[in-house]
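S.K.: Input run22.cif, format and content: mmCIF, C-alpha atoms and all ligand atoms.
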```
data_model
loop_
_atom_site.label_atom_id
_atom_site.label_comp_id
_atom_site.auth_asym_id
_atom_site.auth_seq_id
_atom_site.Cartn_x
_atom_site.Cartn_y
_atom_site.Cartn_z
CA MET I 1423 142.78 93.94 89.02
CA THR I 1424 143.61 93.05 92.62
CA SER I 1425 143.16 95.62 95.34
CA ASP I 1426 146.95 95.68 95.75
CA THR I 1427 147.35 96.55 92.06
CA ASP I 1428 144.88 99.40 92.57
CA LYS I 1429 146.70 100.56 95.73
CA ARG I 1430 149.90 100.70 93.72
CA ALA I 1431 148.26 102.56 90.83
CA ALA I 1432 146.81 105.18 93.22
CA ALA I 1433 150.17 105.56 94.95
CA ILE I 1434 152.04 106.07 91.69
CA ALA I 1435 149.52 108.68 90.50
CA ALA I 1436 149.76 110.63 93.78
CA VAL I 1437 153.56 110.50 93.80
CA GLY I 1438 153.37 112.21 90.41
CA GLU I 1439 152.22 115.34 92.29
CA ILE I 1440 155.54 115.65 94.15
CA GLN I 1441 157.67 118.54 92.90
CA PRO I 1442 161.45 118.99 93.17
CA GLY I 1443 162.59 120.39 96.51
CA MET I 1444 159.44 119.39 98.40
CA LEU I 1445 159.42 118.11 101.96
CA VAL I 1446 157.15 115.08 101.67
CA GLY I 1447 155.16 113.37 104.43
CA LEU I 1448 155.08 109.59 104.08
CA GLY I 1449 152.09 107.70 105.48
CA THR I 1450 151.84 104.22 106.94
CA GLY I 1451 150.34 100.97 105.65
CA SER I 1452 150.39 98.88 102.50
CA THR I 1453 149.14 101.65 100.18
CA ALA I 1454 151.59 104.19 101.62
CA ALA I 1455 154.35 101.60 101.18
CA HIS I 1456 153.64 101.65 97.44
CA ALA I 1457 154.01 105.44 97.55
CA VAL I 1458 157.40 105.10 99.25
CA ALA I 1459 158.54 102.70 96.54
CA ALA I 1460 157.21 104.97 93.75
CA LEU I 1461 158.91 107.99 95.31
CA ALA I 1462 162.18 106.07 95.59
CA ASP I 1463 161.93 105.30 91.86
CA ARG I 1464 161.58 109.02 91.11
CA VAL I 1465 164.50 109.87 93.43
CA ARG I 1466 166.68 107.31 91.66
CA ALA I 1467 165.68 109.03 88.41
CA GLY I 1468 167.00 112.35 89.75
CA LEU I 1469 164.19 113.97 91.80
CA ARG I 1470 165.54 115.77 94.88
CA ILE I 1471 163.23 115.79 97.91
CA THR I 1472 163.38 115.27 101.65
CA ALA I 1473 160.85 113.32 103.69
CA VAL I 1474 159.32 112.89 107.11
CA VAL I 1475 157.56 109.71 108.20
CA THR I 1476 154.47 108.80 110.22
CA SER I 1477 155.76 105.60 111.83
CA LYS I 1478 158.83 103.58 112.64
CA ALA I 1479 157.78 101.03 110.00
CA THR I 1480 157.70 103.70 107.29
CA GLU I 1481 161.00 105.12 108.52
CA ALA I 1482 162.66 101.72 108.09
CA LEU I 1483 161.06 101.28 104.66
CA ALA I 1484 162.03 104.76 103.44
CA GLN I 1485 165.60 104.33 104.64
CA SER I 1486 165.83 100.91 103.01
CA HIS I 1487 164.96 102.68 99.73
CA GLY I 1488 167.71 105.26 100.38
CA LEU I 1489 165.34 108.18 100.98
CA THR I 1490 166.51 111.06 103.19
CA VAL I 1491 164.29 111.11 106.29
CA LEU I 1492 164.32 114.19 108.53
CA PRO I 1493 163.37 113.99 112.22
CA PHE I 1494 159.82 115.35 112.38
CA ASP I 1495 160.45 117.10 115.70
CA ASP I 1496 162.63 119.58 113.75
CA VAL I 1497 159.98 120.18 111.06
CA PRO I 1498 157.29 122.88 111.44
CA GLN I 1499 155.70 122.43 108.02
CA VAL I 1500 155.43 119.74 105.35
CA ASP I 1501 154.64 120.47 101.69
CA LEU I 1502 152.68 117.37 100.71
CA THR I 1503 151.70 114.23 102.61
CA ILE I 1504 150.51 111.06 100.92
CA ASP I 1505 148.82 108.46 103.11
CA GLY I 1506 146.30 105.62 102.99
CA VAL I 1507 142.87 105.40 104.61
CA ASP I 1508 140.68 102.64 106.02
CA GLN I 1509 137.43 104.29 104.90
CA ILE I 1510 136.63 107.56 103.14
CA ASP I 1511 133.26 109.19 102.49
CA PRO I 1512 132.18 111.58 99.68
CA ALA I 1513 133.03 114.63 101.84
CA LEU I 1514 136.67 113.41 102.14
CA ARG I 1515 136.18 112.46 105.78
CA ALA I 1516 138.14 109.34 106.65
CA ILE I 1517 138.84 106.72 109.26
CA LYS I 1518 142.54 105.93 109.58
CA GLY I 1519 144.65 104.00 112.03
CA GLY I 1520 144.25 100.41 110.90
CA GLY I 1521 148.01 100.23 111.30
CA GLY I 1522 147.88 102.02 114.64
CA ALA I 1523 149.80 105.08 113.42
CA MET I 1524 146.95 107.62 113.47
CA LEU I 1525 148.43 109.86 116.17
CA ARG I 1526 151.59 110.61 114.19
CA GLU I 1527 149.65 110.49 110.92
CA LYS I 1528 147.29 113.22 112.10
CA ILE I 1529 150.12 115.43 113.35
CA VAL I 1530 151.98 115.14 110.04
CA ALA I 1531 148.73 115.71 108.12
CA ALA I 1532 147.97 118.82 110.17
CA ALA I 1533 151.45 120.15 109.45
CA SER I 1534 151.02 119.60 105.72
CA THR I 1535 150.08 122.26 103.19
CA ARG I 1536 148.37 119.52 101.20
CA MET I 1537 147.38 115.94 101.96
CA ILE I 1538 146.43 113.35 99.38
CA ALA I 1539 144.65 110.18 100.52
CA ILE I 1540 145.40 107.16 98.35
CA ALA I 1541 143.33 104.00 98.21
CA ASP I 1542 141.79 101.23 96.20
CA GLY I 1543 138.06 101.51 95.56
CA SER I 1544 137.08 99.26 98.47
CA LYS I 1545 137.88 102.09 100.91
CA ARG I 1546 135.18 104.37 99.47
CA VAL I 1547 131.97 104.32 101.56
CA ALA I 1548 128.73 106.33 101.62
CA GLN I 1549 128.90 106.57 105.43
CA LEU I 1550 131.78 105.93 107.81
CA ASP I 1551 131.00 102.86 109.91
CA ARG I 1552 134.28 101.10 110.68
CA ALA I 1553 135.45 100.82 114.30
CA ILE I 1554 137.54 103.88 115.14
CA PRO I 1555 141.16 103.25 116.17
CA VAL I 1556 142.14 105.09 119.34
CA GLU I 1557 145.44 105.52 121.19
CA ILE I 1558 145.18 105.39 124.98
CA LEU I 1559 147.63 106.36 127.71
CA PRO I 1560 148.12 103.10 129.67
CA PHE I 1561 147.50 104.95 132.96
CA ALA I 1562 144.00 105.86 131.73
CA ARG I 1563 143.03 102.48 130.23
CA ALA I 1564 139.97 101.52 132.30
CA PHE I 1565 138.64 105.09 132.46
CA VAL I 1566 138.94 105.66 128.69
CA LEU I 1567 137.37 102.28 127.86
CA ARG I 1568 134.42 103.11 130.13
CA ARG I 1569 133.99 106.56 128.55
CA LEU I 1570 134.03 105.02 125.06
CA ALA I 1571 131.38 102.47 126.06
CA ASP I 1572 129.27 105.25 127.60
CA LEU I 1573 129.49 107.13 124.28
CA GLY I 1574 128.20 104.06 122.43
CA GLY I 1575 131.55 102.79 121.17
CA PRO I 1576 132.63 99.70 123.10
CA ALA I 1577 136.33 99.24 122.40
CA VAL I 1578 138.49 96.18 121.95
CA LEU I 1579 142.13 96.51 122.94
CA ARG I 1580 144.74 95.40 120.42
CA ALA I 1581 147.61 93.11 121.37
CA THR I 1582 150.12 95.57 119.92
CA ARG I 1583 151.15 99.00 121.20
CA SER I 1584 151.76 102.21 119.29
CA ASP I 1585 155.17 103.60 118.33
CA GLN I 1586 154.82 105.73 121.49
CA HIS I 1587 154.29 102.51 123.56
CA ASN I 1588 150.68 103.47 124.29
CA LEU I 1589 147.64 101.17 124.09
CA LEU I 1590 145.67 100.81 120.88
CA ALA I 1591 141.99 99.91 120.67
CA ASP I 1592 139.15 99.94 118.17
CA ALA I 1593 135.89 101.57 119.26
CA ALA I 1594 132.81 100.29 117.41
CA PHE I 1595 130.23 103.07 117.11
CA GLY I 1596 128.46 101.57 114.07
CA PRO I 1597 127.38 103.97 111.32
CA ILE I 1598 128.58 107.47 112.27
CA ALA I 1599 125.81 109.99 111.59
CA ASP I 1600 127.71 113.04 112.84
CA PRO I 1601 131.49 112.51 112.55
CA ALA I 1602 132.31 116.06 113.75
CA ALA I 1603 130.30 115.65 116.96
CA LEU I 1604 131.87 112.25 117.63
CA ALA I 1605 135.39 113.57 116.93
CA ALA I 1606 134.80 116.39 119.42
CA GLU I 1607 133.59 113.91 122.07
CA LEU I 1608 136.60 111.65 121.54
CA SER I 1609 139.06 114.56 121.63
CA ALA I 1610 137.57 115.65 124.96
CA ILE I 1611 138.35 112.36 126.78
CA PRO I 1612 141.41 112.85 129.02
CA GLY I 1613 143.88 110.01 128.39
CA LEU I 1614 142.62 109.36 124.86
CA LEU I 1615 145.66 110.61 123.00
CA GLY I 1616 144.48 110.29 119.43
CA HIS I 1617 141.72 108.88 117.25
CA GLY I 1618 141.35 107.86 113.65
CA LEU I 1619 138.66 110.28 112.50
CA PHE I 1620 140.28 112.58 109.91
CA LEU I 1621 137.64 115.15 109.04
CA ASP I 1622 139.48 118.24 107.72
CA GLU I 1623 143.00 117.03 106.97
CA ILE I 1624 142.50 115.45 103.54
CA ASP I 1625 142.63 117.87 100.58
CA ALA I 1626 142.31 115.34 97.79
CA THR I 1627 141.77 111.64 97.19
CA CYS I 1628 143.38 109.56 94.51
CA ILE I 1629 141.47 106.29 94.28
CA ALA I 1630 142.09 103.48 91.82
CA ASP I 1631 139.25 101.22 90.68
CA ASP I 1632 140.22 98.40 88.35
CA GLY I 1633 143.24 100.41 87.25
CA GLY I 1634 141.29 103.63 86.56
CA ILE I 1635 142.34 106.62 88.66
CA VAL I 1636 139.72 108.99 90.05
CA TRP I 1637 140.78 112.25 91.69
CA GLN I 1638 138.52 114.21 94.01
CA LYS I 1639 139.55 117.55 95.44
CA ARG I 1640 138.02 119.44 98.33
C1 LIG W 1 147.78 103.25 109.35
C2 LIG W 1 146.73 103.77 108.45
C3 LIG W 1 146.70 103.22 107.06
O1 LIG W 1 146.92 104.27 106.17
C4 LIG W 1 145.36 102.58 106.83
O2 LIG W 1 145.17 101.58 107.81
C5 LIG W 1 145.28 101.95 105.43
O3 LIG W 1 146.15 100.86 105.37
P1 LIG W 1 146.38 100.05 104.03
O4 LIG W 1 146.94 101.00 103.04
O5 LIG W 1 147.35 98.96 104.42
O6 LIG W 1 145.05 99.49 103.58
O7 LIG W 1 145.94 104.61 108.77
O8 LIG W 1 147.64 103.75 110.64
#
```
Is it possible to give me this structure as structure tokens?
M.R.:
Amino acid sequence: MTSDTDKRAAAIAAVGEIQPGMLVGLGTGSTAAHAVAALADRVRAGLRITAVVTSKATEALAQSHGLTVLPFDDVPQVDLTIDGVDQIDPALRAIKGGGGAMLREKIVAAASTRMIAIADGSKRVAQLDRAIPVEILPFARAFVLRRLADLGGPAVLRATRSDQHNLLADAAFGPIADPAALAAELSAIPGLLGHGLFLDEIDATCIADDGGIVWQKR
């Protein structure tokens, strides 16, 4: 099994949780793209749902599949969001934002009654240790980069900007012993608009390993 086959298997299993009439949050990335395709298959088979998206890329993909996408700024609550992760630990704490969409992803996740993280088995880790994606207001670039370095997470700016035209960077803290403490420190930096630590948002994971699906619920 390739990791893409497992991503697809996890996406299809999670899309099976979507009920008629739901407002569905659609994540960003290659695993979430499989979920969009699987949802489109169910819609073509007669399922009626509406959707909101976490990025311009997912909006274009969902619309290309003929899904009805509502503007999120009109939506106070989402029934179920399905999204990928970059790393996830046994307590369902994750790092997201490899695709730079973590600010919108976290807002949609927070608005969701339920969030399912989908992944292939390579995303499962005992301890989060990947560099944390951050979104930075351009005005605050040098200040935020200095604060991150002071906190022990020197950051490398990406060449691309976010959907909000802000800067994106990856802050390398190494193994994260206390994700909650680090998340609080990051959230307290003025000009740091969002970060990829998702500590409470994920209600369940659906992970595929060599085609076998494993669910874990909080
Ligand atoms: C985008 C994300 C993605 O969900 C995460 O990077 C996983 O991507 P992929 O499914 O392509 O491995 O957080 O901002």
S.K.: Would you kindly return, as number ranges by chain, each protein, DNA or RNA residue with an atom no farther than 9 Å from any atom of segment 1591-1597 of chain I, considering all atoms listed in the file and excluding same-chain residues fewer than 2 positions away?
M.R.: I: 1520, 1522, 1549-1558, 1567, 1570-1571, 1573-1581, 1589, 1599
S.K.: In Å to one decimal, how far is atom CA of Leu1461 of chain I from atom CA of Leu1525 of chain I?
M.R.: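 A separation of 23.4 Å between them.
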S.K.: Report the distance between atom CA of Thr1424 of chain I and atom CA of Val1474 of chain I in Å, rounded to one decimal place.
M.R.: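 Separating atom CA of Thr1424 of chain I from atom CA of Val1474 of chain I is a distance of 29.2 Å.
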S.K.: List as CSV every residue of chain I that is in contact with ligand LIG 1 (chain W), defined as an atom at most 9 Å from one of its atoms (using all atoms listed in the file), together with the nearest atom pair and the distance in Å rounded to one decimal, sorted by chain and then rising number.
M.R.:
```
residue,atom,partner,partner_atom,distance
I:Asp1426,CA,W:LIG1,O6,8.9
I:Lys1429,CA,W:LIG1,O4,7.3
I:Gly1449,CA,W:LIG1,O1,6.2
I:Thr1450,CA,W:LIG1,C1,4.8
I:Gly1451,CA,W:LIG1,O5,3.8
I:Ser1452,CA,W:LIG1,O5,3.6
I:Thr1453,CA,W:LIG1,O4,3.7
I:Ala1454,CA,W:LIG1,O4,5.8
I:Ala1455,CA,W:LIG1,O4,7.7
I:His1456,CA,W:LIG1,O4,8.8
I:Thr1476,CA,W:LIG1,O8,8.5
I:Ser1477,CA,W:LIG1,O8,8.4
I:Asp1505,CA,W:LIG1,O1,5.5
I:Gly1506,CA,W:LIG1,O1,3.5
I:Val1507,CA,W:LIG1,C5,4.3
I:Asp1508,CA,W:LIG1,C5,4.7
I:Gln1509,CA,W:LIG1,C5,8.2
I:Ile1517,CA,W:LIG1,O7,7.4
I:Lys1518,CA,W:LIG1,O7,3.7
I:Gly1519,CA,W:LIG1,O8,3.3
I:Gly1520,CA,W:LIG1,O2,3.4
I:Gly1521,CA,W:LIG1,O8,3.6
I:Gly1522,CA,W:LIG1,O8,4.4
I:Ala1523,CA,W:LIG1,O8,3.8
I:Met1524,CA,W:LIG1,O8,4.8
I:Leu1525,CA,W:LIG1,O8,8.3
I:Arg1526,CA,W:LIG1,O8,8.7
I:Glu1527,CA,W:LIG1,O8,7.0
I:Ala1539,CA,W:LIG1,O1,8.5
I:Ile1540,CA,W:LIG1,O4,7.9
I:Ala1541,CA,W:LIG1,O4,6.7
I:Asp1542,CA,W:LIG1,O6,8.3
I:Lys1545,CA,W:LIG1,O6,8.1
I:Pro1555,CA,W:LIG1,O8,8.5
I:Gly1618,CA,W:LIG1,O7,7.4
```
S.K.: Given the choices I:Thr1472, I:Thr1490, I:Thr1627, I:Gln1586, which gets closest to Ala1433 of chain I if the distance is worked out from all atoms listed in the file?
M.R.: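 When distances to Ala1433 of chain I are compared using all atoms listed in the file, the smallest one comes from I:Thr1627.
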S.K.: I want to know what sits within 9 Å of Pro1612 of chain I, based on only C-alpha atoms, with residues of the same chain fewer than 5 positions away left out; could you give that as a PDB file with C-alpha atoms, in the frame of the given file?
M.R.:
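File written: result_24.pdb
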```
ATOM      1  CA  ALA I1562     144.000 105.860 131.730  1.00  0.00           C
ATOM      2  CA  PHE I1565     138.640 105.090 132.460  1.00  0.00           C
ATOM      3  CA  VAL I1566     138.940 105.660 128.690  1.00  0.00           C
TER       4      VAL I1566
END
```
S.K.: One decimal, in Å: what's the spacing between atom CA of Phe1561 of chain I and atom CA of Asp1585 of chain I?
M.R.: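 Computing it gives 16.6 Å between the two atoms.
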S.K.: Per residue of segment 1583-1637 of chain I within 12 Å of segment 1434-1446 of chain I, record the nearest atom pair and its distance in Å to one decimal, counting all atoms listed in the file, with rows in chain order and ascending residue number, as JSON lines.
M.R.:
```
{"residue": "I:Ala1626", "atom": "CA", "partner": "I:Ala1436", "partner_atom": "CA", "distance": 9.7}
{"residue": "I:Thr1627", "atom": "CA", "partner": "I:Ala1436", "partner_atom": "CA", "distance": 8.7}
{"residue": "I:Cys1628", "atom": "CA", "partner": "I:Ala1436", "partner_atom": "CA", "distance": 6.5}
{"residue": "I:Ile1629", "atom": "CA", "partner": "I:Ala1435", "partner_atom": "CA", "distance": 9.2}
{"residue": "I:Ala1630", "atom": "CA", "partner": "I:Ala1435", "partner_atom": "CA", "distance": 9.2}
{"residue": "I:Gly1633", "atom": "CA", "partner": "I:Ala1435", "partner_atom": "CA", "distance": 10.9}
{"residue": "I:Gly1634", "atom": "CA", "partner": "I:Ala1435", "partner_atom": "CA", "distance": 10.4}
{"residue": "I:Ile1635", "atom": "CA", "partner": "I:Ala1435", "partner_atom": "CA", "distance": 7.7}
{"residue": "I:Val1636", "atom": "CA", "partner": "I:Ala1435", "partner_atom": "CA", "distance": 9.8}
{"residue": "I:Trp1637", "atom": "CA", "partner": "I:Ala1436", "partner_atom": "CA", "distance": 9.4}
```
S.K.: Given only C-alpha atoms as the basis, pick out the residue of I:Ala1610, I:Ala1605, I:Ala1431, I:Val1458 nearest to Gly1488 of chain I.
M.R.: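 Under the stated criterion, the closest residue is I:Val1458.
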S.K.: Point out the residue among I:Leu1614, I:Ala1482, I:Ile1510, I:Val1500 with the least atom-to-atom distance to Ile1529 of chain I, counting only C-alpha atoms.
M.R.: I:Val1500
S.K.: Using all atoms listed in the file, can you tell me which of I:Ala1533, I:Asp1496, I:Gly1613, I:Asp1600 comes closest to Arg1568 of chain I?
M.R.: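 The closest residue to Arg1568 of chain I is I:Gly1613.
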S.K.: Select, from I:Ala1513, I:Leu1608, I:Ala1462, I:Ala1531, the residue with the minimum atom-to-atom distance to Val1475 of chain I, counting all atoms listed in the file.
M.R.: I:Ala1531
S.K.: For Gln1638 of chain I, which of I:Ile1538, I:Gly1543, I:Glu1623, I:Val1491 is the closest residue, counting only C-alpha atoms?
M.R.: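 Residue with the minimum atom-to-atom distance to Gln1638 of chain I: I:Ile1538.
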S.K.: Would you place a box with edges along x, y and z of the file around all atoms of segment 1539-1547 of chain I listed there, add 3 Å to each of its six sides, and report the centre and edge lengths in Å to one decimal, as JSON?
M.R.:
```
{"center_x": 138.7, "center_y": 104.7, "center_z": 98.6, "size_x": 19.4, "size_y": 16.9, "size_z": 12.0}
```
S.K.: Find the residues near Thr1535 of chain I: any atom within 8 Å, counting all atoms listed in the file, skip ones fewer than 3 places away on the same chain, and give them as a list of chain:residue names.
M.R.: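 Residues meeting the cut-off are I:Gln1499, I:Val1500, I:Asp1501, I:Leu1502.
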